[in-house]
Structures are given as structure tokens and as C-alpha cells.
file upload-v7.tsv (TSV, C-alpha atoms)
chain	number	residue	atom	x	y	z
A	1	MET	CA	-46.11	141.53	7.13
A	2	GLU	CA	-47.60	138.36	6.10
A	3	ASP	CA	-45.56	135.17	5.87
A	4	TYR	CA	-45.87	133.79	2.41
A	5	ARG	CA	-43.83	130.57	3.07
A	6	ASN	CA	-45.59	127.40	2.27
A	7	PRO	CA	-46.58	125.54	5.36
A	8	ARG	CA	-44.92	122.07	6.06
A	9	PRO	CA	-47.25	119.35	5.09
A	10	ALA	CA	-48.44	117.27	7.99
A	11	GLU	CA	-46.92	113.67	8.19
A	12	GLU	CA	-49.41	111.05	7.32
A	13	ASN	CA	-49.91	108.26	9.75
A	14	SER	CA	-49.01	105.09	7.86
A	15	ASN	CA	-48.92	101.53	9.18
A	16	ILE	CA	-46.53	100.24	6.48
A	17	PRO	CA	-43.26	100.92	8.32
A	18	MET	CA	-44.55	99.21	11.43
A	19	ILE	CA	-45.52	96.04	9.58
A	20	THR	CA	-42.14	95.89	7.90
A	21	LEU	CA	-40.41	96.21	11.25
A	22	LEU	CA	-42.49	93.44	12.74
A	23	VAL	CA	-41.72	91.16	9.81
A	24	LEU	CA	-38.00	91.77	10.19
A	25	VAL	CA	-38.17	91.10	13.91
A	26	ALA	CA	-40.04	87.86	13.27
A	27	LEU	CA	-37.43	86.76	10.72
A	28	VAL	CA	-34.62	87.50	13.13
A	29	ILE	CA	-36.37	85.51	15.87
A	30	ALA	CA	-36.95	82.59	13.46
A	31	LEU	CA	-33.32	82.57	12.38
A	32	LEU	CA	-32.17	82.62	15.98
A	33	TYR	CA	-34.48	79.71	16.80
A	34	VAL	CA	-33.26	77.66	13.84
A	35	GLY	CA	-29.64	78.32	14.80
A	36	TRP	CA	-30.32	77.35	18.40
A	37	GLN	CA	-31.97	74.08	17.27
A	38	SER	CA	-28.99	73.24	15.04
A	39	MET	CA	-26.54	73.91	17.86
A	40	SER	CA	-28.65	71.80	20.21
A	41	ASP	CA	-28.60	68.80	17.79
A	42	ASP	CA	-24.81	69.01	17.33
A	43	THR	CA	-24.32	69.13	21.09
A	44	THR	CA	-26.52	66.04	21.57
A	45	LYS	CA	-24.62	64.07	18.92
A	46	THR	CA	-21.31	65.04	20.49
A	47	GLU	CA	-22.52	63.90	23.90
A	48	VAL	CA	-23.68	60.55	22.46
A	49	VAL	CA	-20.35	59.99	20.76
A	50	LEU	CA	-18.43	60.90	23.89
A	51	SER	CA	-20.64	58.73	26.08
A	52	THR	CA	-20.26	55.62	23.83
A	53	PRO	CA	-17.36	53.38	25.14
A	54	PRO	CA	-14.66	52.55	22.56
A	55	LYS	CA	-14.74	49.06	21.06
A	56	SER	CA	-12.00	46.64	22.09
A	57	ASP	CA	-9.70	44.95	19.57
A	58	ALA	CA	-11.45	41.63	20.19
A	59	MET	CA	-14.83	43.14	19.36
A	60	LYS	CA	-13.40	44.74	16.25
A	61	GLY	CA	-11.82	41.47	15.22
A	62	GLN	CA	-15.10	39.66	15.80
A	63	GLU	CA	-16.95	42.22	13.74
A	64	ASP	CA	-14.39	41.88	10.95
A	65	ALA	CA	-14.71	38.11	11.11
A	66	ASP	CA	-18.49	38.41	10.97
A	67	LEU	CA	-18.11	40.63	7.95
A	68	VAL	CA	-15.62	38.30	6.21
A	69	THR	CA	-17.33	35.01	7.06
A	70	ALA	CA	-19.96	34.21	4.56
A	71	PRO	CA	-23.31	33.20	5.95
A	72	THR	CA	-23.69	29.45	6.20
A	73	THR	CA	-26.51	28.19	4.15
A	74	GLU	CA	-28.00	24.77	4.50
A	75	MET	CA	-27.43	22.43	1.57
A	76	PRO	CA	-30.54	21.75	-0.39
A	77	GLU	CA	-31.92	18.25	-0.18
A	78	GLU	CA	-30.95	17.53	-3.76
A	79	GLY	CA	-27.34	18.61	-3.13
A	80	ALA	CA	-27.18	16.45	0.01
A	81	GLU	CA	-28.37	13.43	-1.96
A	82	LYS	CA	-25.67	14.05	-4.57
A	83	GLU	CA	-23.01	14.29	-1.86
A	84	ASN	CA	-24.27	11.06	-0.27
A	85	LYS	CA	-24.21	9.30	-3.64
A	86	LYS	CA	-20.70	10.60	-4.28
A	87	ALA	CA	-19.50	9.39	-0.88
A	88	SER	CA	-21.18	6.02	-1.43
A	89	THR	CA	-19.53	5.72	-4.85
A	90	THR	CA	-16.13	6.50	-3.31
A	91	VAL	CA	-16.64	3.83	-0.64
A	92	ASP	CA	-17.69	1.29	-3.28
A	93	GLU	CA	-14.61	2.06	-5.37
A	94	GLU	CA	-12.34	1.64	-2.34
A	95	GLU	CA	-14.00	-1.68	-1.50
A	96	LYS	CA	-13.57	-2.83	-5.11
A	97	GLN	CA	-9.90	-1.84	-5.04
A	98	ASP	CA	-9.36	-3.67	-1.73
A	99	LYS	CA	-11.16	-6.74	-3.07
A	100	LYS	CA	-9.11	-6.63	-6.26
A	101	ALA	CA	-5.89	-6.32	-4.27
A	102	GLN	CA	-6.87	-9.30	-2.11
A	103	GLU	CA	-7.74	-11.35	-5.20
A	104	GLU	CA	-4.39	-10.47	-6.75
A	105	LYS	CA	-2.60	-11.54	-3.56
A	106	VAL	CA	-4.53	-14.84	-3.49
A	107	ALA	CA	-3.80	-15.41	-7.19
A	108	GLU	CA	-0.12	-14.63	-6.64
A	109	LYS	CA	0.00	-17.01	-3.69
A	110	LYS	CA	-1.68	-19.77	-5.70
A	111	LYS	CA	0.73	-19.12	-8.55
A	112	GLU	CA	3.70	-19.46	-6.22
A	113	GLU	CA	2.27	-22.66	-4.70
A	114	THR	CA	1.63	-24.09	-8.15
A	115	LYS	CA	5.16	-23.18	-9.17
A	116	LYS	CA	6.57	-24.93	-6.10
A	117	VAL	CA	4.45	-28.01	-6.77
A	118	GLU	CA	5.63	-28.06	-10.38
A	119	GLU	CA	9.25	-27.71	-9.27
A	120	VAL	CA	8.84	-30.55	-6.78
A	121	ALA	CA	7.16	-32.68	-9.44
A	122	LYS	CA	9.98	-31.93	-11.88
A	123	THR	CA	12.56	-32.81	-9.24
A	124	GLU	CA	10.78	-36.04	-8.38
A	125	LYS	CA	10.39	-36.90	-12.04
A	126	LYS	CA	14.03	-36.17	-12.69
A	127	THR	CA	15.01	-38.20	-9.65
A	128	ALA	CA	12.74	-41.06	-10.65
A	129	GLU	CA	14.18	-41.24	-14.14
A	130	VAL	CA	16.29	-44.35	-14.62
A	131	PRO	CA	19.65	-43.63	-16.27
A	132	LEU	CA	19.71	-44.93	-19.85
A	133	LYS	CA	23.41	-45.64	-19.74
A	134	GLY	CA	24.98	-48.18	-17.45
A	135	THR	CA	24.54	-51.80	-16.50
A	136	THR	CA	21.71	-53.40	-14.56
A	137	PHE	CA	23.06	-55.23	-11.54
A	138	VAL	CA	21.00	-57.60	-9.37
A	139	HIS	CA	21.50	-56.96	-5.68
A	140	THR	CA	20.39	-59.43	-3.02
A	141	VAL	CA	19.29	-57.77	0.19
A	142	GLN	CA	21.74	-58.39	3.01
A	143	ALA	CA	21.40	-58.12	6.76
A	144	GLY	CA	20.97	-54.57	8.08
A	145	GLU	CA	20.14	-53.11	4.66
A	146	THR	CA	17.11	-50.95	3.88
A	147	PHE	CA	15.56	-49.93	0.62
A	148	TYR	CA	16.74	-46.36	1.05
A	149	GLY	CA	20.21	-47.49	2.15
A	150	ILE	CA	20.63	-49.62	-0.95
A	151	ALA	CA	19.70	-46.66	-3.16
A	152	ASN	CA	22.33	-44.51	-1.44
A	153	ARG	CA	24.92	-47.28	-1.75
A	154	TYR	CA	24.67	-47.27	-5.52
A	155	HIS	CA	24.26	-43.48	-5.86
A	156	ILE	CA	20.71	-43.58	-7.23
A	157	SER	CA	17.51	-42.10	-5.87
A	158	LYS	CA	14.92	-44.04	-3.95
A	159	ALA	CA	12.38	-43.16	-6.64
A	160	ALA	CA	14.66	-44.50	-9.37
A	161	LEU	CA	15.21	-47.72	-7.41
A	162	GLN	CA	11.44	-48.02	-6.98
A	163	THR	CA	10.99	-47.51	-10.72
A	164	LEU	CA	13.47	-50.30	-11.40
A	165	ASN	CA	11.58	-52.55	-8.96
A	166	PRO	CA	7.87	-51.64	-9.31
A	167	ASP	CA	6.66	-54.88	-7.68
A	168	VAL	CA	8.78	-54.48	-4.55
A	169	LYS	CA	7.48	-52.68	-1.49
A	170	PRO	CA	10.26	-50.74	0.27
A	171	GLU	CA	9.04	-51.84	3.71
A	172	GLY	CA	8.61	-55.49	2.63
A	173	ILE	CA	12.16	-56.42	1.58
A	174	LYS	CA	13.61	-59.57	3.15
A	175	VAL	CA	17.24	-60.52	3.81
A	176	GLY	CA	18.61	-63.09	1.37
A	177	ILE	CA	15.30	-63.32	-0.50
A	178	THR	CA	14.51	-59.97	-2.04
A	179	LYS	CA	16.50	-59.21	-5.14
A	180	LEU	CA	16.65	-55.65	-6.47
A	181	ASN	CA	17.60	-54.45	-9.90
A	182	VAL	CA	20.16	-51.70	-9.55
A	183	LYS	CA	21.57	-49.47	-12.25
A	184	VAL	CA	25.37	-49.14	-12.10
A	185	LYS	CA	27.92	-47.66	-14.42
A	186	ALA	CA	29.91	-50.86	-14.93
A	187	ILE	CA	31.28	-54.04	-13.44
A	188	HIS	CA	35.08	-53.93	-13.48
A	189	THR	CA	37.36	-56.96	-13.16
A	190	VAL	CA	40.56	-56.04	-11.33
A	191	GLY	CA	43.69	-56.57	-13.39
A	192	PRO	CA	47.39	-55.98	-12.88
A	193	GLY	CA	48.04	-52.56	-11.30
A	194	ASP	CA	44.30	-51.83	-10.79
A	195	ILE	CA	44.30	-50.07	-7.48
A	196	LEU	CA	41.13	-48.21	-6.44
A	197	ARG	CA	42.57	-44.80	-7.30
A	198	VAL	CA	43.41	-45.91	-10.83
A	199	VAL	CA	40.01	-47.56	-11.34
A	200	ALA	CA	38.20	-44.45	-10.03
A	201	GLN	CA	40.09	-42.23	-12.47
A	202	LYS	CA	39.29	-44.61	-15.32
A	203	TYR	CA	35.51	-44.41	-14.78
A	204	GLY	CA	35.35	-40.78	-13.60
A	205	VAL	CA	33.97	-41.50	-10.14
A	206	SER	CA	35.40	-41.04	-6.68
A	207	LYS	CA	37.40	-43.74	-4.90
A	208	GLN	CA	35.06	-43.44	-1.92
A	209	ALA	CA	32.03	-44.11	-4.15
A	210	ILE	CA	33.62	-47.38	-5.34
A	211	MET	CA	34.45	-48.36	-1.74
A	212	ASP	CA	30.84	-47.61	-0.64
A	213	ALA	CA	29.35	-49.60	-3.52
A	214	ASN	CA	31.58	-52.61	-2.74
A	215	LYS	CA	31.42	-52.21	1.07
A	216	LYS	CA	35.18	-51.85	1.34
A	217	THR	CA	36.75	-50.39	4.44
A	218	LYS	CA	40.32	-50.59	3.17
A	219	ASP	CA	41.96	-49.39	-0.03
A	220	ILE	CA	42.81	-52.91	-1.16
A	221	THR	CA	41.91	-54.84	-4.33
A	222	GLU	CA	42.59	-58.40	-5.41
A	223	ARG	CA	43.41	-59.56	-8.89
A	224	GLY	CA	40.32	-61.02	-10.59
A	225	GLU	CA	37.96	-59.26	-8.15
A	226	LYS	CA	34.83	-57.78	-9.66
A	227	LEU	CA	34.21	-54.17	-8.58
A	228	ILE	CA	30.83	-52.46	-8.87
A	229	ILE	CA	31.32	-49.00	-10.39
A	230	PRO	CA	28.36	-46.82	-9.24
A	231	LEU	CA	26.89	-43.98	-11.21
A	232	PRO	CA	28.65	-40.66	-10.59
call {"tool": "encode", "arguments": {"input": "upload-v7.tsv", "output": "C-alpha cells"}}
result
Amino acid sequence: MEDYRNPRPAEENSNIPMITLLVLVALVIALLYVGWQSMSDDTTKTEVVLSTPPKSDAMKGQEDADLVTAPTTEMPEEGAEKENKKASTTVDEEEKQDKKAQEEKVAEKKKEETKKVEEVAKTEKKTAEVPLKGTTFVHTVQAGETFYGIANRYHISKAALQTLNPDVKPEGIKVGITKLNVKVKAIHTVGPGDILRVVAQKYGVSKQAIMDANKKTKDITERGEKLIIPLP
């Protein structure tokens, strides 16, 4: 009995599956290689980081300072000239102020000196003024007397005595010869009850001034005696 079953077709030899397999194998190998390279790079970086010594605080501080500090730039020539001019101007102003202060001090000193001279001149002028009131008395120079002593005796200044006697030289007076005009308050003739205290009260001068003017050493008066009453 014949077998009528269809025979199994023979498998064709095809190269397609083999090529596909090779491609897949190549891809797998490539992926493995790329992964190995990536792992190798990470390992190298880790080793570098681990092998680098840590920075000290001083180094960090220095780096921070370097970062904070602005780079120094040289001043342009024009800016330097401006700074020099500014400094020169400041020095000139200070010198002017010092000079002005010195001039003010000198002026103030001169002003004070002038004021003193004026005061002295006023004093001398006032001293040299001859009193308008009073009586002119002629005094004959006596032994032991000086020009200055005579002025003191009659309570007037030396300048006033010189004004009253312009032709007389103070150092050239002679005993018994030189006669000086002296300004006195009055010439008083002693009357009854005229003791020195009473006479002094009458003319508004001190008793001692009357005794000095009349060269008295004792508080005694005589009736009819003429007493020189000096200026107060």
C-alpha cells in the first residue's frame, strides 16, 4: 500500500540567521567594552581624588583672599599727574595757612606793642600835664636836693616839673642858684588854732604831705608861718 502523505520539504540553507546572530554578538561585545571604559574612567577619577591631599585652612584662606582682593592695577600716567598736582595744591594751601597764621601773630604782636606804646605815651602825657589849678611857687635848690626829689616833695611828676622849667637841665641844678617853678595848691598863713591836722582837713590833703612839702619833722606850727600846701 502506497504512502500518499506529502513528504516534508527539505530545510533550505540560509545565511540570514547566522548574520543576525553575529550582529547581536558584536553589539553585546561593544556594549560591554563601552561599559568597561566608563567604569575605568570613574575608577581613575576616584583614585585621583583620593590621592590629592586636602587643602589646609591657611591655603583656603589665602585662596579666598586672592579671590576677594582685586587685582592691583598701575595708575595711568595722567592719573598720577593729577594726584601729584592735588598733593602739591594741598601742600601749598597748608603753607599759605601757616604763613597767614604767622602774619596774624606778628600783626597781633605789633598791635599789642603799639597799644603799650600808646598807653605809655598817654601816661607820660598825663603825667607831664601841669595842673591848671593851684599856685606857682618858686623853689630855690637846697643842699642835698635833686630834681627828682624836689618833684616828689611837692607831689608832682618829674615830667611836669620839667615842663614848668623847660630851660633847666635836671642834672645841672646848683644849690642856692637854681630856682624852680613849682605848682602847689596854696600857700597858707598859720592863724590861731591852725594845727597841721586842721590845715590838712581844710585843703583836703594829708598831714604828712604838708610836713614833707615844708620839711617838718614835728607836728608843730607857729603863728604867722607860711605853709606850702602841695597838690593832693
call {"tool": "atom_distance", "arguments": {"input": "upload-v7.tsv", "atom1": "atom CA of Gly134 of chain A", "atom2": "atom CA of Leu231 of chain A"}}
result
7.8 Å
call {"tool": "closest_residue", "arguments": {"input": "upload-v7.tsv", "among": "A:Leu32, A:Gly144, A:Lys218, A:Asn152", "to": "Pro232 of chain A", "atoms": "all atoms listed in the file"}}
result
A:Asn152
call {"tool": "atom_distance", "arguments": {"input": "upload-v7.tsv", "atom1": "atom CA of Arg223 of chain A", "atom2": "atom CA of Pro192 of chain A"}}
result
6.7 Å
call {"tool": "atom_distance", "arguments": {"input": "upload-v7.tsv", "atom1": "atom CA of Ile220 of chain A", "atom2": "atom CA of Gly191 of chain A"}}
result
12.8 Å
call {"tool": "closest_residue", "arguments": {"input": "upload-v7.tsv", "among": "A:His139, A:Arg153, A:Arg197, A:Lys110", "to": "Asp212 of chain A", "atoms": "all atoms listed in the file"}}
result
A:Arg153
call {"tool": "decode", "arguments": {"input": "upload-v7.tsv", "residues": "segment 203-231 of chain A", "atoms": "N, CA and C atoms", "output": "tab-separated table (two decimals), in the first residue's frame"}}
result
chain	number	residue	atom	x	y	z
A	203	TYR	N	42.33	171.79	103.36
A	203	TYR	CA	42.73	171.75	101.94
A	203	TYR	C	42.55	170.35	101.31
A	204	GLY	N	42.11	169.39	102.08
A	204	GLY	CA	41.87	168.05	101.53
A	204	GLY	C	43.13	167.29	101.17
A	205	VAL	N	44.18	167.49	101.92
A	205	VAL	CA	45.43	166.76	101.70
A	205	VAL	C	45.81	166.09	103.02
A	206	SER	N	46.81	165.25	102.96
A	206	SER	CA	47.24	164.57	104.19
A	206	SER	C	48.19	165.46	104.99
A	207	LYS	N	48.20	165.22	106.30
A	207	LYS	CA	49.11	165.97	107.18
A	207	LYS	C	50.55	165.68	106.81
A	208	GLN	N	50.83	164.41	106.45
A	208	GLN	CA	52.19	164.04	106.09
A	208	GLN	C	52.65	164.76	104.82
A	209	ALA	N	51.73	164.96	103.87
A	209	ALA	CA	52.09	165.67	102.64
A	209	ALA	C	52.51	167.11	102.96
A	210	ILE	N	51.80	167.76	103.89
A	210	ILE	CA	52.17	169.13	104.28
A	210	ILE	C	53.52	169.14	104.99
A	211	MET	N	53.77	168.13	105.84
A	211	MET	CA	55.05	168.06	106.55
A	211	MET	C	56.19	167.83	105.56
A	212	ASP	N	55.96	166.96	104.53
A	212	ASP	CA	57.01	166.70	103.53
A	212	ASP	C	57.30	167.97	102.72
A	213	ALA	N	56.24	168.68	102.32
A	213	ALA	CA	56.43	169.87	101.50
A	213	ALA	C	57.16	170.97	102.25
A	214	ASN	N	56.99	171.02	103.56
A	214	ASN	CA	57.61	172.07	104.38
A	214	ASN	C	58.79	171.56	105.19
A	215	LYS	N	59.22	170.33	104.92
A	215	LYS	CA	60.37	169.69	105.57
A	215	LYS	C	60.25	169.75	107.10
A	216	LYS	N	59.07	169.41	107.59
A	216	LYS	CA	58.84	169.39	109.02
A	216	LYS	C	59.02	167.96	109.54
A	217	THR	N	59.65	167.86	110.66
A	217	THR	CA	59.81	166.55	111.31
A	217	THR	C	58.91	166.43	112.53
A	218	LYS	N	58.35	167.55	112.97
A	218	LYS	CA	57.46	167.54	114.13
A	218	LYS	C	56.14	168.22	113.78
A	219	ASP	N	55.10	167.77	114.46
A	219	ASP	CA	53.76	168.31	114.21
A	219	ASP	C	53.59	169.62	114.99
A	220	ILE	N	54.33	170.62	114.56
A	220	ILE	CA	54.30	171.91	115.24
A	220	ILE	C	54.19	173.03	114.20
A	221	THR	N	53.36	174.02	114.48
A	221	THR	CA	53.24	175.20	113.62
A	221	THR	C	53.36	176.46	114.49
A	222	GLU	N	53.79	177.53	113.84
A	222	GLU	CA	53.92	178.81	114.53
A	222	GLU	C	52.99	179.83	113.89
A	223	ARG	N	52.44	180.66	114.70
A	223	ARG	CA	51.52	181.69	114.21
A	223	ARG	C	52.25	182.64	113.26
A	224	GLY	N	51.63	182.85	112.09
A	224	GLY	CA	52.24	183.71	111.06
A	224	GLY	C	53.13	182.93	110.10
A	225	GLU	N	53.37	181.66	110.37
A	225	GLU	CA	54.19	180.82	109.48
A	225	GLU	C	53.45	180.55	108.19
A	226	LYS	N	54.20	180.55	107.09
A	226	LYS	CA	53.59	180.26	105.79
A	226	LYS	C	53.84	178.77	105.46
A	227	LEU	N	52.78	178.06	105.25
A	227	LEU	CA	52.86	176.62	104.93
A	227	LEU	C	52.56	176.39	103.45
A	228	ILE	N	53.40	175.58	102.83
A	228	ILE	CA	53.19	175.20	101.42
A	228	ILE	C	52.20	174.02	101.43
A	229	ILE	N	51.09	174.19	100.74
A	229	ILE	CA	50.09	173.12	100.63
A	229	ILE	C	50.28	172.46	99.28
A	230	PRO	N	50.85	171.22	99.23
A	230	PRO	CA	51.11	170.54	97.95
A	230	PRO	C	49.80	170.06	97.30
A	231	LEU	N	49.95	169.72	96.07
A	231	LEU	CA	48.79	169.15	95.34
A	231	LEU	C	48.49	167.77	95.91
